[in-house]
Each structure stands twice: as structure tokens, then as C-alpha cells.
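A.B. asks: Got a structure for you, coords.pdb, holding PDB, C-alpha atoms.
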```pdb
ATOM      1  CA  MET A 252      32.104 -34.031  19.669
ATOM      2  CA  ALA A 253      33.846 -30.635  19.533
ATOM      3  CA  THR A 254      36.371 -30.021  22.318
ATOM      4  CA  ILE A 255      39.106 -27.541  23.158
ATOM      5  CA  ALA A 256      41.480 -29.494  20.900
ATOM      6  CA  ASN A 257      38.977 -30.177  18.129
ATOM      7  CA  SER A 258      36.228 -28.450  16.171
ATOM      8  CA  SER A 259      33.512 -29.866  13.971
ATOM      9  CA  ALA A 260      34.399 -30.630  10.372
ATOM     10  CA  SER A 261      31.712 -28.169   9.270
ATOM     11  CA  GLN A 262      33.425 -25.352  11.151
ATOM     12  CA  HIS A 263      36.769 -26.167   9.591
ATOM     13  CA  TRP A 264      35.042 -26.298   6.213
ATOM     14  CA  SER A 265      33.755 -22.772   6.829
ATOM     15  CA  TYR A 266      37.321 -21.677   7.655
ATOM     16  CA  PHE A 267      38.525 -23.279   4.406
ATOM     17  CA  LEU A 268      35.838 -21.444   2.435
ATOM     18  CA  ASN A 269      36.773 -18.211   4.206
ATOM     19  CA  GLY A 270      40.365 -18.607   2.993
ATOM     20  CA  LEU A 271      39.184 -19.526  -0.504
ATOM     21  CA  GLU A 272      36.960 -16.449  -0.569
ATOM     22  CA  HIS A 273      39.826 -14.169   0.461
ATOM     23  CA  ALA A 274      42.054 -15.709  -2.237
ATOM     24  CA  SER A 275      39.359 -15.003  -4.835
ATOM     25  CA  ASN A 276      38.981 -11.312  -4.001
ATOM     26  CA  TRP A 277      39.833 -10.201  -7.525
ATOM     27  CA  PRO A 278      37.481  -7.164  -7.708
ATOM     28  CA  LYS A 279      39.126  -5.346  -4.770
ATOM     29  CA  THR A 280      42.547  -6.465  -5.970
ATOM     30  CA  PHE A 281      42.035  -4.885  -9.386
ATOM     31  CA  ILE A 282      40.654  -1.733  -7.774
ATOM     32  CA  LEU A 283      43.817  -1.404  -5.701
ATOM     33  CA  PHE A 284      45.884  -2.171  -8.810
ATOM     34  CA  TYR A 285      44.269   0.664 -10.759
ATOM     35  CA  THR A 286      44.545   3.163  -7.890
ATOM     36  CA  SER A 287      48.307   2.799  -7.406
ATOM     37  CA  SER A 288      50.702   3.642 -10.232
ATOM     38  CA  SER A 289      53.601   2.128  -8.249
ATOM     39  CA  ILE A 290      51.821  -1.230  -8.018
ATOM     40  CA  GLN A 291      50.866  -1.079 -11.695
ATOM     41  CA  LYS A 292      54.464  -0.507 -12.821
ATOM     42  CA  ALA A 293      55.810  -3.219 -10.506
ATOM     43  CA  ILE A 294      53.285  -5.864 -11.578
ATOM     44  CA  LEU A 295      53.672  -5.061 -15.274
ATOM     45  CA  THR A 296      57.439  -5.346 -14.897
ATOM     46  CA  ILE A 297      57.057  -8.707 -13.155
ATOM     47  CA  PHE A 298      54.778  -9.874 -15.985
ATOM     48  CA  LEU A 299      57.298  -8.829 -18.639
ATOM     49  CA  ILE A 300      60.182 -10.504 -16.810
ATOM     50  CA  ASN A 301      58.478 -13.775 -15.885
ATOM     51  CA  GLY A 302      55.671 -14.024 -18.451
ATOM     52  CA  VAL A 303      57.086 -12.672 -21.692
ATOM     53  CA  PHE A 304      60.812 -13.205 -21.220
ATOM     54  CA  PHE A 305      61.066 -16.316 -19.022
ATOM     55  CA  LEU A 306      57.878 -18.298 -19.756
ATOM     56  CA  GLY A 307      57.928 -17.318 -23.425
ATOM     57  CA  GLY A 308      61.598 -18.235 -23.740
ATOM     58  CA  LEU A 309      61.033 -21.486 -21.839
ATOM     59  CA  VAL A 310      58.211 -22.576 -24.154
ATOM     60  CA  PHE A 311      60.394 -21.717 -27.161
ATOM     61  CA  LEU A 312      63.313 -23.753 -25.842
ATOM     62  CA  GLU A 313      61.110 -26.713 -24.880
ATOM     63  CA  THR A 314      59.631 -26.678 -28.382
ATOM     64  CA  MET A 315      62.728 -26.037 -30.490
ATOM     65  CA  TYR A 316      65.688 -27.034 -28.291
ATOM     66  CA  PRO A 317      64.372 -29.277 -25.456
ATOM     67  CA  THR A 318      67.870 -30.283 -24.305
ATOM     68  CA  TRP A 319      68.735 -26.660 -23.544
ATOM     69  CA  ALA A 320      65.532 -25.877 -21.660
ATOM     70  CA  PRO A 321      66.642 -27.172 -18.209
ATOM     71  CA  ILE A 322      70.274 -26.116 -18.732
ATOM     72  CA  LEU A 323      69.314 -22.494 -19.308
ATOM     73  CA  GLY A 324      66.012 -22.549 -17.451
ATOM     74  CA  TYR A 325      67.126 -23.247 -13.885
ATOM     75  CA  PRO A 326      69.867 -20.606 -13.559
ATOM     76  CA  THR A 327      67.645 -18.066 -15.322
ATOM     77  CA  TYR A 328      64.777 -18.861 -12.957
ATOM     78  CA  ILE A 329      66.973 -18.352  -9.884
ATOM     79  CA  ALA A 330      68.339 -15.066 -11.264
ATOM     80  CA  LEU A 331      64.850 -13.788 -12.033
ATOM     81  CA  LEU A 332      63.671 -14.632  -8.515
ATOM     82  CA  VAL A 333      66.219 -12.124  -7.237
ATOM     83  CA  VAL A 334      65.262  -9.505  -9.833
ATOM     84  CA  SER A 335      61.513  -9.967  -9.240
ATOM     85  CA  GLY A 336      62.002  -9.632  -5.491
ATOM     86  CA  LYS A 337      62.690  -5.912  -5.844
ATOM     87  CA  PHE A 338      59.335  -5.332  -7.552
ATOM     88  CA  LEU A 339      57.460  -7.670  -5.227
ATOM     89  CA  ASP A 340      58.721  -5.550  -2.333
ATOM     90  CA  ILE A 341      57.068  -2.529  -3.952
ATOM     91  CA  VAL A 342      53.753  -4.350  -4.424
ATOM     92  CA  ALA A 343      53.739  -5.639  -0.850
ATOM     93  CA  LEU A 344      54.786  -2.382   0.796
ATOM     94  CA  LYS A 345      52.327  -0.181  -1.109
ATOM     95  CA  SER A 346      49.490  -2.674  -0.537
ATOM     96  CA  TYR A 347      50.256  -2.804   3.181
ATOM     97  CA  GLN A 348      50.360   0.984   3.452
ATOM     98  CA  ILE A 349      47.084   1.418   1.544
ATOM     99  CA  GLN A 350      45.296  -1.163   3.703
ATOM    100  CA  ALA A 351      46.722   0.287   6.917
ATOM    101  CA  LYS A 352      45.556   3.752   5.885
ATOM    102  CA  GLN A 353      42.052   2.507   5.079
ATOM    103  CA  GLN A 354      41.849   0.683   8.421
ATOM    104  CA  LYS A 355      43.403   3.682  10.250
ATOM    105  CA  GLN A 356      46.276   1.583  11.527
ATOM    106  CA  LYS A 357      49.979   2.288  11.801
ATOM    107  CA  SER A 358      51.239   2.353   8.207
ATOM    108  CA  THR A 359      54.995   2.265   8.928
ATOM    109  CA  PRO A 360      55.965  -1.394   8.620
ATOM    110  CA  SER A 361      58.772  -3.142  10.421
ATOM    111  CA  VAL A 362      61.043  -4.307   7.611
ATOM    112  CA  VAL A 363      64.250  -4.971   9.499
ATOM    113  CA  GLU A 364      65.290  -8.599   9.044
ATOM    114  CA  SER A 365      68.663  -9.789  10.337
ATOM    115  CA  MET A 366      70.918 -11.785   8.042
ATOM    116  CA  ALA A 367      70.495 -14.814  10.337
ATOM    117  CA  SER A 368      66.695 -14.522  10.090
ATOM    118  CA  THR A 369      66.913 -14.285   6.289
ATOM    119  CA  ILE A 370      69.065 -17.424   6.146
ATOM    120  CA  LEU A 371      66.547 -19.271   8.349
ATOM    121  CA  ILE A 372      63.746 -18.325   5.937
ATOM    122  CA  ILE A 373      65.771 -19.524   2.935
ATOM    123  CA  ILE A 374      66.401 -22.836   4.712
ATOM    124  CA  LEU A 375      62.650 -23.058   5.401
ATOM    125  CA  TYR A 376      61.820 -22.495   1.718
ATOM    126  CA  ILE A 377      64.197 -25.201   0.573
ATOM    127  CA  ASN A 378      63.155 -27.773   3.166
ATOM    128  CA  ALA A 379      59.434 -27.099   2.669
ATOM    129  CA  GLY A 380      59.861 -27.716  -1.051
ATOM    130  CA  ILE A 381      61.836 -30.903  -0.422
ATOM    131  CA  PHE A 382      59.219 -32.127   2.066
ATOM    132  CA  ALA A 383      56.371 -31.478  -0.411
ATOM    133  CA  GLY A 384      58.348 -33.415  -3.037
ATOM    134  CA  LEU A 385      58.879 -36.324  -0.663
ATOM    135  CA  LEU A 386      55.178 -36.410   0.178
ATOM    136  CA  TYR A 387      54.422 -36.772  -3.537
ATOM    137  CA  LYS A 388      56.315 -40.077  -3.569
ATOM    138  CA  LEU A 389      54.111 -41.672  -0.906
ATOM    139  CA  PRO A 390      51.972 -44.538  -2.259
ATOM    140  CA  PHE A 391      48.240 -43.874  -2.659
ATOM    141  CA  VAL A 392      48.126 -40.603  -0.685
ATOM    142  CA  GLY A 393      51.190 -38.929  -2.184
ATOM    143  CA  LEU A 394      49.395 -36.717  -4.692
ATOM    144  CA  ILE A 395      46.800 -35.296  -2.301
ATOM    145  CA  SER A 396      49.334 -34.934   0.554
ATOM    146  CA  SER A 397      51.753 -33.009  -1.624
ATOM    147  CA  PHE A 398      48.923 -30.879  -3.025
ATOM    148  CA  LEU A 399      47.739 -29.897   0.460
ATOM    149  CA  MET A 400      51.270 -29.105   1.600
ATOM    150  CA  ASN A 401      51.732 -26.931  -1.465
ATOM    151  CA  CYS A 402      48.540 -25.061  -0.510
ATOM    152  CA  ILE A 403      50.088 -24.296   2.876
ATOM    153  CA  ILE A 404      53.421 -23.272   1.330
ATOM    154  CA  SER A 405      51.694 -20.995  -1.195
ATOM    155  CA  SER A 406      49.774 -19.322   1.623
ATOM    156  CA  TYR A 407      52.977 -18.763   3.557
ATOM    157  CA  TYR A 408      54.564 -17.076   0.547
ATOM    158  CA  CYS A 409      51.564 -14.759   0.190
ATOM    159  CA  PHE A 410      51.295 -13.760   3.855
ATOM    160  CA  GLU A 411      55.000 -13.548   4.639
ATOM    161  CA  TYR A 412      55.308  -9.883   3.674
ATOM    162  CA  GLN A 413      52.432  -8.900   5.946
ATOM    163  CA  TRP A 414      53.921 -10.807   8.875
ATOM    164  CA  ILE A 415      57.387  -9.346   8.343
ATOM    165  CA  TYR A 416      55.889  -5.845   8.332
ATOM    166  CA  LYS A 417      54.132  -6.668  11.608
ATOM    167  CA  GLY A 418      57.424  -7.792  13.131
ATOM    168  CA  TRP A 419      56.472 -11.468  13.530
ATOM    169  CA  ASN A 420      59.361 -13.889  13.895
ATOM    170  CA  LEU A 421      59.494 -17.102  11.894
ATOM    171  CA  GLU A 422      58.155 -19.383  14.630
ATOM    172  CA  LYS A 423      55.161 -17.117  15.237
ATOM    173  CA  ARG A 424      54.298 -17.218  11.527
ATOM    174  CA  LEU A 425      54.467 -21.011  11.353
ATOM    175  CA  SER A 426      52.469 -21.495  14.565
ATOM    176  CA  PHE A 427      49.794 -19.082  13.358
ATOM    177  CA  MET A 428      49.405 -21.097  10.156
ATOM    178  CA  GLU A 429      49.193 -24.382  12.058
ATOM    179  CA  ASN A 430      46.486 -22.913  14.299
ATOM    180  CA  HIS A 431      44.542 -21.674  11.245
ATOM    181  CA  TRP A 432      45.354 -24.568   8.938
ATOM    182  CA  ALA A 433      41.923 -24.863   7.299
ATOM    183  CA  TYR A 434      41.910 -21.166   6.383
ATOM    184  CA  PHE A 435      45.378 -21.321   4.839
ATOM    185  CA  LEU A 436      44.535 -24.486   2.909
ATOM    186  CA  GLY A 437      41.679 -22.510   1.400
ATOM    187  CA  PHE A 438      43.758 -19.420   0.675
ATOM    188  CA  GLY A 439      46.525 -21.407  -1.000
ATOM    189  CA  PHE A 440      44.110 -23.574  -2.985
ATOM    190  CA  PRO A 441      43.619 -21.350  -6.099
ATOM    191  CA  ALA A 442      47.332 -20.724  -6.711
ATOM    192  CA  THR A 443      48.125 -24.398  -6.145
ATOM    193  CA  VAL A 444      45.421 -25.558  -8.562
ATOM    194  CA  ILE A 445      46.886 -23.276 -11.220
ATOM    195  CA  THR A 446      50.520 -24.370 -10.804
ATOM    196  CA  PHE A 447      50.659 -27.817  -9.174
ATOM    197  CA  PHE A 448      50.288 -29.959 -12.295
ATOM    198  CA  MET A 449      52.855 -28.047 -14.378
ATOM    199  CA  SER A 450      56.547 -28.747 -14.723
ATOM    200  CA  PHE A 451      58.751 -27.092 -12.110
ATOM    201  CA  LEU A 452      59.980 -24.277 -14.352
ATOM    202  CA  ARG A 453      56.594 -23.523 -15.901
ATOM    203  CA  SER A 454      55.009 -23.643 -12.460
ATOM    204  CA  GLY A 455      57.604 -21.199 -11.154
ATOM    205  CA  ALA A 456      57.027 -18.815 -14.052
ATOM    206  CA  VAL A 457      53.230 -18.853 -13.751
ATOM    207  CA  PHE A 458      53.334 -18.495  -9.964
ATOM    208  CA  SER A 459      55.658 -15.505 -10.317
ATOM    209  CA  ILE A 460      53.061 -13.839 -12.571
ATOM    210  CA  ILE A 461      50.070 -14.376 -10.270
ATOM    211  CA  TYR A 462      51.996 -14.022  -6.986
ATOM    212  CA  PRO A 463      51.750 -10.197  -6.765
ATOM    213  CA  PHE A 464      47.944 -10.362  -6.909
ATOM    214  CA  PHE A 465      47.788 -12.894  -4.080
ATOM    215  CA  ILE A 466      50.115 -10.707  -2.019
ATOM    216  CA  ILE A 467      47.571  -7.903  -2.405
ATOM    217  CA  MET A 468      44.738 -10.257  -1.408
ATOM    218  CA  SER A 469      46.674 -11.394   1.657
ATOM    219  CA  MET A 470      47.054  -7.782   2.772
ATOM    220  CA  MET A 471      43.255  -7.441   2.745
ATOM    221  CA  ALA A 472      42.626 -10.807   4.418
ATOM    222  CA  VAL A 473      41.869 -11.453   8.093
ATOM    223  CA  PRO A 474      41.502 -15.166   9.019
ATOM    224  CA  LYS A 475      38.528 -16.169  11.143
ATOM    225  CA  ALA A 476      39.346 -16.891  14.761
ATOM    226  CA  THR A 477      39.625 -20.630  15.343
ATOM    227  CA  THR A 478      40.022 -20.642  19.117
ATOM    228  CA  PRO A 479      37.691 -23.056  20.947
ATOM    229  CA  TYR A 480      36.322 -20.122  22.955
ATOM    230  CA  SER A 481      34.851 -18.512  19.833
ATOM    231  CA  GLN A 482      32.965 -21.554  18.610
ATOM    232  CA  THR A 483      29.526 -22.888  19.422
ATOM    233  CA  LEU A 484      29.727 -26.427  20.756
ATOM    234  CA  ALA A 485      27.077 -28.875  19.672
ATOM    235  CA  SER A 486      25.170 -30.915  22.252
ATOM    236  CA  GLY A 487      22.964 -33.993  22.425
ATOM    237  CA  ALA A 488      22.748 -36.450  19.548
ATOM    238  CA  LYS A 489      24.375 -34.019  17.118
ATOM    239  CA  ALA A 490      27.474 -33.771  19.307
ATOM    240  CA  GLN A 491      27.846 -37.563  19.267
ATOM    241  CA  SER A 492      27.445 -37.930  15.503
ATOM    242  CA  GLU A 493      29.395 -34.990  14.085
ATOM    243  CA  TRP A 494      32.904 -35.397  12.718
ATOM    244  CA  THR A 495      35.646 -33.373  14.360
ATOM    245  CA  LEU A 496      39.075 -32.260  13.228
ATOM    246  CA  PRO A 497      41.982 -30.874  15.283
ATOM    247  CA  ASN A 498      42.197 -27.116  15.749
ATOM    248  CA  ARG A 499      45.938 -27.316  15.183
ATOM    249  CA  ILE A 500      47.812 -29.453  12.659
ATOM    250  CA  PRO A 501      51.631 -29.238  12.850
ATOM    251  CA  PHE A 502      52.239 -29.158   9.085
ATOM    252  CA  PHE A 503      55.680 -27.691   9.600
ATOM    253  CA  TYR A 504      56.900 -30.188  12.225
ATOM    254  CA  PRO A 505      58.936 -32.263   9.703
ATOM    255  CA  VAL A 506      60.229 -29.050   8.120
ATOM    256  CA  ARG A 507      61.319 -27.759  11.540
ATOM    257  CA  LYS A 508      63.254 -30.984  12.142
ATOM    258  CA  MET A 509      64.857 -30.694   8.696
ATOM    259  CA  ASN A 510      65.789 -27.098   9.537
ATOM    260  CA  ASP A 511      67.373 -28.265  12.808
ATOM    261  CA  LEU A 512      69.458 -30.813  10.897
ATOM    262  CA  VAL A 513      70.630 -28.227   8.363
ATOM    263  CA  ILE A 514      71.503 -25.759  11.139
ATOM    264  CA  LEU A 515      73.439 -28.495  12.964
ATOM    265  CA  LEU A 516      75.416 -29.238   9.793
ATOM    266  CA  VAL A 517      76.027 -25.528   9.197
ATOM    267  CA  ARG A 518      77.267 -25.168  12.760
ATOM    268  CA  LEU A 519      79.614 -28.134  12.409
ATOM    269  CA  VAL A 520      81.046 -26.683   9.213
ATOM    270  CA  GLY A 521      80.870 -22.984  10.064
ATOM    271  CA  GLY A 522      81.797 -23.116  13.733
ATOM    272  CA  VAL A 523      81.355 -19.796  15.512
ATOM    273  CA  HIS A 524      80.299 -18.143  12.243
ATOM    274  CA  ALA A 525      77.037 -20.099  12.399
ATOM    275  CA  ASP A 526      76.244 -19.152  16.002
ATOM    276  CA  SER A 527      74.138 -16.167  14.920
ATOM    277  CA  ILE A 528      71.764 -18.486  13.022
ATOM    278  CA  VAL A 529      71.437 -20.804  16.009
ATOM    279  CA  SER A 530      70.845 -17.842  18.328
ATOM    280  CA  GLU A 531      68.199 -16.413  15.998
ATOM    281  CA  LYS A 532      66.314 -19.707  15.946
ATOM    282  CA  ARG A 533      66.515 -20.092  19.729
ATOM    283  CA  LEU A 534      65.322 -16.508  20.262
ATOM    284  CA  SER A 535      62.432 -17.060  17.842
ATOM    285  CA  SER A 536      61.296 -20.141  19.755
ATOM    286  CA  LEU A 537      61.552 -18.414  23.135
ATOM    287  CA  LYS A 538      59.485 -15.452  21.923
ATOM    288  CA  GLN A 539      56.787 -17.825  20.708
ATOM    289  CA  GLU A 540      56.633 -19.576  24.063
TER     290      GLU A 540
END
```
Output the structure of this file as C-alpha cells.
C.D. replies:
Amino acid sequence: MATIANSSASQHWSYFLNGLEHASNWPKTFILFYTSSSIQKAILTIFLINGVFFLGGLVFLETMYPTWAPILGYPTYIALLVVSGKFLDIVALKSYQIQAKQQKQKSTPSVVESMASTILIIILYINAGIFAGLLYKLPFVGLISSFLMNCIISSYYCFEYQWIYKGWNLEKRLSFMENHWAYFLGFGFPATVITFFMSFLRSGAVFSIIYPFFIIMSMMAVPKATTPYSQTLASGAKAQSEWTLPNRIPFFYPVRKMNDLVILLVRLVGGVHADSIVSEKRLSSLKQE
């Protein structure tokens, strides 16, 4: 029976399909691609860097010199993440501005991120990846658990630009995802299906190629409301027989605890120099409350 804390499985399934639909919005994505020369140049540059140079070089090394593939691949991948970031910023910003203009909203994004906030996000990325890897090692349910967590992580990557432009702090972003978990599972599903079963380096290269398109899709996406006040509650025999699922799943709870541990270690090592990171996290939590 659906309650304030739960909704029917069918409703959550509709939220999942809504996310999947928004992550499959290729027609509008290509239209936006063709209407913006800035986005075209940025995406083509990203393709050349990650598709032709990195993925092509990686396949060559794995075929001809397999011992050198990881030795050269990992540092190159990290370096290209930094280089690609400049062009991803262009894709995200132009997409946001175009969508805001079409919806007659404020088109000047908030892009100011403190150094402490940036460090917190980097810690989140690392710990989320570690947590997804640990889930994979679980017996019986490891594969599906890791796959679902990767769907959530992929969605976060895609929506992060939009949320930064809106001025959302880190805790607000994570809480929003946990309250719309079915939608974000659906949105992250296509990218995860494409990359999950590849090796780490190949997965990173392919995701870097398709990532700009999903950023554009995320700018056009608006998740369905999942509050209990917006749903129709079943009654009678149907209410007793239907399956329900929680409206909120704290996917990031273990990652938050891992973040707390890392911040504690940083504070022990860095002393007063780490206080800004601790203050940023505390301020983020207080704003969310």
C-alpha cells in the first residue's frame, strides 16, 4: 500500500521510464548540436582527443604492445580528463543558456565554486567509484548492485553542470538524486549499458565521447515530481496487493561516510589548512536542512 514514505512499484517504474526517455532524446540533442557552432567545435574536439587519439592509441597499444597499455594509458587518461574539461564547460554552458532562453528563464548561470567545494566534489568522485567497485565484489548481487550504482553516478556526472549553474551545493544535489532515484537510474541506464562491461580505460574513453551529448540531454530534462502529495493512492484490494518501493533511497550514504573519513584524515594531516573543506561540508549540510 502506497504511503508517504513509499510509492507503488508501477509509479517508480514510470519514473524510471521518464529518465530513460530523457536520456534517449537524441533528436533534440542533434538539433541543438547543429544550431550551435560553439557546441559543434567543442564536441568534435572532444571526439578527436578521446576517440581518435586516446581510444585509437589504446587499442593499438593493447594489440601491439599490451604491457605498455596500462603504463601509458592511465596517466594519459587523467591528463585528457583535464583537457576535455575545458570543452565540456563550453558544451554545458551553451546548452544551459540555450535552454534558459527557450524557457524564458535567467540565462546567467552561477559558476562560482570555491576551492574547498571543488575538493569535496573530487573526493566524492573517487569514493563513489571505489564504492561501486566494492559493490561489484559482493557475492550473487555484486554485478547488478554495481551496475545500478554506476547508473546513479553517470546521472550525477550529467546533471552536475546544471546544478552548479543553479547554485546548488553538493548535499542538495545528492539529496535530490536520492529523492528521485528511479528517474536517475533510468537516465543513467543508457550510458552505463554502453560502458559498464568494458575495461576501465576503454570505458573512460567511450564515456568521454558520449558524455557531451548526455550533458545536453540533462539540460533539457525535468524529472517528474515524486512527492507523496502528487501521487494517486490506490485503495481497496489493489492497495493491499500492490508492491511498493521507498520514495527515497540513500544511495550516497556509504559515500558520505567515506567522504567524512577522508576529510578527517585530511584534517589530521593538514591541520588548519583543511578547515576550509570541513567548513564547506558543514555549511552544505546546514543549507540542506
A.B. asks: So which residues are close to (47.6, -4.8, -0.5), meaning at most 10 Å away in the file's coordinates with all atoms listed in the file counted, and can you show them as a PyMOL selection string?
C.D. replies: chain A and resi 279-280+283-284+290+342-351+413+463-472
A.B. asks: For each of A:Asn420, A:Ser406, A:Ser450, A:Asn510, take the minimum atom-to-atom distance to His273 of chain A, counting all atoms listed in the file, then give the residue where this is smallest.
C.D. replies: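 The answer is A:Ser406, which sits nearest to His273 of chain A.
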A.B. asks: With the PyMOL selection byres ((chain A and resi 432) around 9) as the selection, what would be picked from this file? Answer as a list in words, please.
C.D. replies: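 Output of the PyMOL selection byres ((chain A and resi 432) around 9): His263, Tyr266, Phe267, Ile403, Phe427, Met428, Glu429, Asn430, His431, Ala433, Tyr434, Phe435, Leu436, Gly437, Asn498, Arg499, Ile500, Pro501 and Phe502 of chain A.
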A.B. asks: How many Å separate atom CA of Phe398 of chain A from atom CA of Leu271 of chain A?
C.D. replies: 15.2 Å
A.B. asks: So what do you get for atom CA of Ala379 of chain A versus atom CA of Val303 of chain A, distance-wise?
C.D. replies: 28.4 Å
